[in-house]
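S.K.: Shown below is the structure under consideration.
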Amino acid sequence: MNKDDCFYFGKVIKTHGLEGGLSIRVDVDDPAAYADIEFLLIEKNKKLIPFYLKAFRLLKNKAYIAFEDINHIDEACSFTGALLYLPLEFLPALSGNKFYFHEVEGFTVSDRAFGKIGQIKTVLEYPNQALFQVFQGDKEVLIPIQDEIIIEVNRKKKHILIDVPEGLIEMYLNA
């Protein structure tokens with residue numbers, strides 16, 4: 001499976017018990033939505049390899065897991081620090097103004113006052129703020145992703161209507 005067709009699910013923190021169990025940190029909005037998964041993809045040598053689960057017990061944003069065919073702590077040690085992925089189709093469907101960052105790349109963005117700005121090239125994720133990276137011609141415009149700014153997400157038309165503070169867009173275009 002290609003990594004572009006997957007999303008980051010979490011990371012193996014440490015072994016758990018003597019029988020090959022693992023403790024993982026789950027990095028998704030609603031961990032309970034994944035309680036019935038049957039496998040996880042682990043990145044090994046730049047490839048995603050499926051490992052089937054024989055146990056998955058969720059504890060808020062952490063979980064205890066056990067893989068089939070891994071029955072001893074010595075075997076489980078090699079998984080410590082491993083990154084975990086799931087296929088994109090496992091993501092729960094979102095509606096309204098909620099969206100996944102990968103979902104909106106290529107959407108057109110318009111501001112209520114300014115009008116059409118351009119297309120989202122990518123979403124830049126920083127520790128305190130995620131931003132739409134939009135280009136108007138050769139000028140980059142960075143738009144904060146905040147509920148107060150996003151007015152409407154239209155998936156059919158691949159369009160996002162925003163209302164940014166006055167002068168934000170012009171600051172980028174007149175630089």
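So you can find residues: chains in the structure tokens are A, B, ... in the order shown, residues in each start at 1, and ligands are numbered from 1 in order.
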Excluding same-chain residues fewer than 2 positions from A:Glu170, what lies within 12 Å of it counting only C-alpha atoms, as a ChimeraX atom specification?
M.R.: /A:111,113-115,117,136,139-143,164-168,172-175
S.K.: Under the rule of at most 12 Å, produce a per-residue listing of stretch 49-164 of chain A near stretch 10-33 of chain A: chain, number, name, the closest pair of atoms, and the distance in Å, as CSV, using only C-alpha atoms.
M.R.:
residue,atom,partner,partner_atom,distance
A:Leu53,CA,A:Gly21,CA,10.3
A:Lys54,CA,A:Gly21,CA,9.8
A:Ala55,CA,A:Gly21,CA,8.6
A:Phe56,CA,A:Leu22,CA,9.7
A:Arg57,CA,A:Ser23,CA,9.7
A:Leu58,CA,A:Ala32,CA,7.3
A:Leu59,CA,A:Pro31,CA,8.9
A:Lys60,CA,A:Pro31,CA,7.1
A:Asn61,CA,A:Val26,CA,5.0
A:Lys62,CA,A:Arg25,CA,4.5
A:Ala63,CA,A:Ile24,CA,5.3
A:Tyr64,CA,A:Ser23,CA,4.7
A:Ile65,CA,A:Leu22,CA,5.3
A:Ala66,CA,A:Gly21,CA,4.6
A:Phe67,CA,A:Gly21,CA,7.4
A:Glu68,CA,A:Gly20,CA,9.4
A:Asp69,CA,A:Gly20,CA,9.0
A:Ile70,CA,A:Gly20,CA,5.5
A:Asn71,CA,A:Gly20,CA,4.7
A:His72,CA,A:Gly20,CA,4.1
A:Ile73,CA,A:Gly20,CA,4.3
A:Asp74,CA,A:Gly20,CA,7.3
A:Glu75,CA,A:Gly20,CA,6.5
A:Ala76,CA,A:Gly20,CA,4.9
A:Cys77,CA,A:Thr15,CA,6.3
A:Ser78,CA,A:Thr15,CA,9.3
A:Phe79,CA,A:Val12,CA,6.6
A:Thr80,CA,A:Val12,CA,5.3
A:Gly81,CA,A:Val12,CA,5.0
A:Ala82,CA,A:Val12,CA,5.3
A:Leu83,CA,A:Lys11,CA,4.6
A:Leu84,CA,A:Gly10,CA,5.1
A:Tyr85,CA,A:Gly10,CA,7.0
A:Leu86,CA,A:Gly10,CA,9.5
A:Phe90,CA,A:Ala33,CA,9.2
A:Leu91,CA,A:Ala33,CA,8.7
A:Pro92,CA,A:Ala33,CA,7.5
A:Ala93,CA,A:Ala33,CA,11.0
A:Leu94,CA,A:Asp29,CA,11.6
A:Lys98,CA,A:Asp29,CA,11.7
A:Phe99,CA,A:Asp29,CA,11.7
A:Tyr100,CA,A:Asp29,CA,10.7
S.K.: Can you write just those residues out, N, CA and C atoms, as a compact mmCIF listing (two decimals), in the first residue's frame?
M.R.:
# COMPACT_ATOMS: atom_id res chain seq x y z
N LEU A 53 -4.38 -7.64 13.90
CA LEU A 53 -4.55 -7.52 15.35
C LEU A 53 -5.26 -8.72 15.94
N LYS A 54 -4.77 -9.18 17.10
CA LYS A 54 -5.52 -10.16 17.87
C LYS A 54 -6.12 -9.50 19.11
N ALA A 55 -5.64 -8.27 19.41
CA ALA A 55 -6.22 -7.51 20.53
C ALA A 55 -6.06 -6.02 20.25
N PHE A 56 -7.09 -5.26 20.62
CA PHE A 56 -7.06 -3.80 20.51
C PHE A 56 -7.95 -3.26 21.62
N ARG A 57 -7.33 -2.68 22.64
CA ARG A 57 -8.09 -2.13 23.77
C ARG A 57 -7.75 -0.65 23.89
N LEU A 58 -8.76 0.18 23.71
CA LEU A 58 -8.59 1.62 23.67
C LEU A 58 -8.69 2.21 25.08
N LEU A 59 -7.77 3.15 25.36
CA LEU A 59 -7.75 3.87 26.64
C LEU A 59 -7.53 5.35 26.33
N LYS A 60 -8.61 6.08 26.00
CA LYS A 60 -8.56 7.49 25.58
C LYS A 60 -7.70 7.62 24.32
N ASN A 61 -6.56 8.30 24.41
CA ASN A 61 -5.72 8.46 23.21
C ASN A 61 -4.55 7.48 23.20
N LYS A 62 -4.65 6.45 24.02
CA LYS A 62 -3.66 5.37 24.02
C LYS A 62 -4.41 4.06 23.82
N ALA A 63 -3.67 3.04 23.43
CA ALA A 63 -4.29 1.74 23.26
C ALA A 63 -3.27 0.65 23.54
N TYR A 64 -3.79 -0.48 23.95
CA TYR A 64 -2.99 -1.69 24.06
C TYR A 64 -3.34 -2.53 22.85
N ILE A 65 -2.33 -3.02 22.15
CA ILE A 65 -2.59 -3.88 20.99
C ILE A 65 -1.71 -5.12 21.09
N ALA A 66 -2.13 -6.13 20.38
CA ALA A 66 -1.33 -7.34 20.20
C ALA A 66 -1.51 -7.79 18.76
N PHE A 67 -0.41 -8.08 18.11
CA PHE A 67 -0.45 -8.56 16.73
C PHE A 67 -0.48 -10.08 16.70
N GLU A 68 -1.15 -10.62 15.69
CA GLU A 68 -1.10 -12.05 15.46
C GLU A 68 0.35 -12.42 15.17
N ASP A 69 0.76 -13.57 15.59
CA ASP A 69 2.10 -14.12 15.34
C ASP A 69 3.22 -13.40 16.09
N ILE A 70 2.91 -12.44 16.96
CA ILE A 70 3.91 -11.83 17.83
C ILE A 70 3.53 -12.26 19.25
N ASN A 71 4.32 -13.17 19.82
CA ASN A 71 3.91 -13.79 21.08
C ASN A 71 4.91 -13.62 22.23
N HIS A 72 5.92 -12.81 22.01
CA HIS A 72 6.93 -12.65 23.06
C HIS A 72 7.46 -11.22 23.04
N ILE A 73 7.84 -10.74 24.22
CA ILE A 73 8.35 -9.38 24.34
C ILE A 73 9.56 -9.14 23.43
N ASP A 74 10.39 -10.15 23.26
CA ASP A 74 11.57 -9.99 22.40
C ASP A 74 11.18 -9.68 20.96
N GLU A 75 10.11 -10.30 20.46
CA GLU A 75 9.62 -10.02 19.11
C GLU A 75 9.00 -8.62 19.04
N ALA A 76 8.30 -8.24 20.09
CA ALA A 76 7.59 -6.95 20.13
C ALA A 76 8.55 -5.76 20.23
N CYS A 77 9.72 -5.94 20.80
CA CYS A 77 10.68 -4.84 20.99
C CYS A 77 11.02 -4.13 19.68
N SER A 78 11.06 -4.87 18.59
CA SER A 78 11.45 -4.27 17.30
C SER A 78 10.40 -3.28 16.79
N PHE A 79 9.20 -3.28 17.37
CA PHE A 79 8.14 -2.37 16.93
C PHE A 79 8.16 -1.03 17.68
N THR A 80 8.92 -0.94 18.76
CA THR A 80 8.97 0.29 19.55
C THR A 80 9.41 1.46 18.67
N GLY A 81 8.62 2.53 18.69
CA GLY A 81 8.91 3.72 17.87
C GLY A 81 8.33 3.66 16.47
N ALA A 82 7.74 2.54 16.10
CA ALA A 82 7.19 2.40 14.74
C ALA A 82 5.99 3.32 14.54
N LEU A 83 5.89 3.88 13.33
CA LEU A 83 4.75 4.73 12.97
C LEU A 83 3.64 3.84 12.42
N LEU A 84 2.40 4.16 12.79
CA LEU A 84 1.24 3.35 12.42
C LEU A 84 0.34 4.13 11.47
N TYR A 85 -0.18 3.44 10.46
CA TYR A 85 -1.03 4.07 9.45
C TYR A 85 -2.26 3.21 9.20
N LEU A 86 -3.28 3.85 8.63
CA LEU A 86 -4.47 3.17 8.15
C LEU A 86 -4.83 3.74 6.78
N PHE A 90 -10.64 4.45 5.79
CA PHE A 90 -11.03 4.20 7.18
C PHE A 90 -11.44 5.49 7.90
N LEU A 91 -11.14 6.63 7.31
CA LEU A 91 -11.52 7.90 7.94
C LEU A 91 -13.03 8.05 7.95
N PRO A 92 -13.62 8.43 9.08
CA PRO A 92 -15.06 8.68 9.11
C PRO A 92 -15.41 9.87 8.20
N ALA A 93 -16.54 9.79 7.53
CA ALA A 93 -16.97 10.89 6.66
C ALA A 93 -17.29 12.13 7.51
N LEU A 94 -16.86 13.28 7.03
CA LEU A 94 -17.14 14.54 7.70
C LEU A 94 -18.15 15.32 6.87
N LYS A 98 -16.48 20.87 8.56
CA LYS A 98 -15.39 20.01 9.03
C LYS A 98 -14.79 19.29 7.82
N PHE A 99 -13.47 19.18 7.80
CA PHE A 99 -12.79 18.53 6.67
C PHE A 99 -11.45 18.00 7.11
N TYR A 100 -10.95 17.05 6.33
CA TYR A 100 -9.59 16.56 6.50
C TYR A 100 -8.68 17.41 5.63
S.K.: Rank A:Glu89, A:Glu103, A:Glu125, A:Asp147 by their smallest atom-to-atom distance to A:Tyr34, using only C-alpha atoms, and report the top residue only.
M.R.: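 Of the candidates, the smallest distance to A:Tyr34 is held by A:Glu89.
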S.K.: Give me every strand (DSSP E) residue in stretch 89-174 of chain A, going by DSSP on the backbone, as a ChimeraX atom specification.
M.R.: /A:108-111,115-125,130-136,139-144,150-154,159-162
S.K.: Output the selection as a compact mmCIF listing (two decimals), in the first residue's frame - C-alpha atoms for each residue.
M.R.:
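Dumped everything to again-v6.txt:
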# COMPACT_ATOMS: atom_id res chain seq x y z
CA THR A 108 -10.83 27.14 -4.65
CA VAL A 109 -10.87 29.71 -1.84
CA SER A 110 -12.88 32.94 -1.92
CA ASP A 111 -13.08 35.63 0.70
CA GLY A 115 -13.55 37.57 -3.81
CA LYS A 116 -11.68 34.66 -5.40
CA ILE A 117 -8.17 34.21 -4.02
CA GLY A 118 -7.00 30.98 -5.67
CA GLN A 119 -6.61 27.25 -5.14
CA ILE A 120 -5.31 25.53 -2.04
CA LYS A 121 -1.94 24.05 -2.91
CA THR A 122 -1.49 22.36 0.45
CA VAL A 123 -2.19 22.69 4.14
CA LEU A 124 0.81 23.72 6.20
CA GLU A 125 0.72 22.26 9.70
CA ALA A 130 -2.59 25.13 10.43
CA LEU A 131 -2.69 27.29 7.29
CA PHE A 132 -4.11 27.03 3.79
CA GLN A 133 -1.32 27.74 1.30
CA VAL A 134 -3.07 29.47 -1.61
CA PHE A 135 -1.48 31.06 -4.66
CA GLN A 136 -2.82 33.97 -6.65
CA LYS A 139 1.97 35.35 -4.84
CA GLU A 140 1.56 33.07 -1.83
CA VAL A 141 -1.31 33.78 0.56
CA LEU A 142 -1.41 31.97 3.92
CA ILE A 143 -4.84 31.70 5.50
CA PRO A 144 -5.30 30.50 9.08
CA ILE A 150 -14.31 29.38 7.45
CA ILE A 151 -17.87 30.28 6.45
CA GLU A 152 -18.73 27.41 4.11
CA VAL A 153 -17.13 24.26 2.70
CA ASN A 154 -18.82 23.11 -0.52
CA HIS A 159 -14.96 25.61 -2.90
CA ILE A 160 -14.34 27.20 0.49
CA LEU A 161 -15.79 30.58 1.44
CA ILE A 162 -13.88 32.46 4.12
S.K.: What is the distance, in Å and to one decimal place, between atom CA of A:Arg112 and atom CA of A:Gln146?
M.R.: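 Atom-to-atom, atom CA of A:Arg112 to atom CA of A:Gln146, that is 15.2 Å.
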S.K.: Using backbone DSSP assignments, extract all helix (DSSP H, G or I) residues from stretch 92-151 of chain A; output them as a list in words.
M.R.: Phe101, His102, Glu103 and Val104 of chain A
S.K.: Take the residues that were just selected and, keeping N, CA and C atoms, output them as a PDB file, in the first residue's frame.
M.R.:
ATOM      1  N   PHE A 101      -7.476  17.661   6.104  1.00  0.00           N
ATOM      2  CA  PHE A 101      -6.559  18.530   5.371  1.00  0.00           C
ATOM      3  C   PHE A 101      -6.285  18.011   3.960  1.00  0.00           C
ATOM      4  N   HIS A 102      -6.100  16.697   3.805  1.00  0.00           N
ATOM      5  CA  HIS A 102      -5.810  16.157   2.465  1.00  0.00           C
ATOM      6  C   HIS A 102      -7.002  16.327   1.519  1.00  0.00           C
ATOM      7  N   GLU A 103      -8.193  16.416   2.077  1.00  0.00           N
ATOM      8  CA  GLU A 103      -9.431  16.491   1.307  1.00  0.00           C
ATOM      9  C   GLU A 103      -9.587  17.811   0.551  1.00  0.00           C
ATOM     10  N   VAL A 104      -9.045  18.916   1.089  1.00  0.00           N
ATOM     11  CA  VAL A 104      -9.316  20.231   0.515  1.00  0.00           C
ATOM     12  C   VAL A 104      -8.220  20.736  -0.428  1.00  0.00           C
TER      13      VAL A 104
END
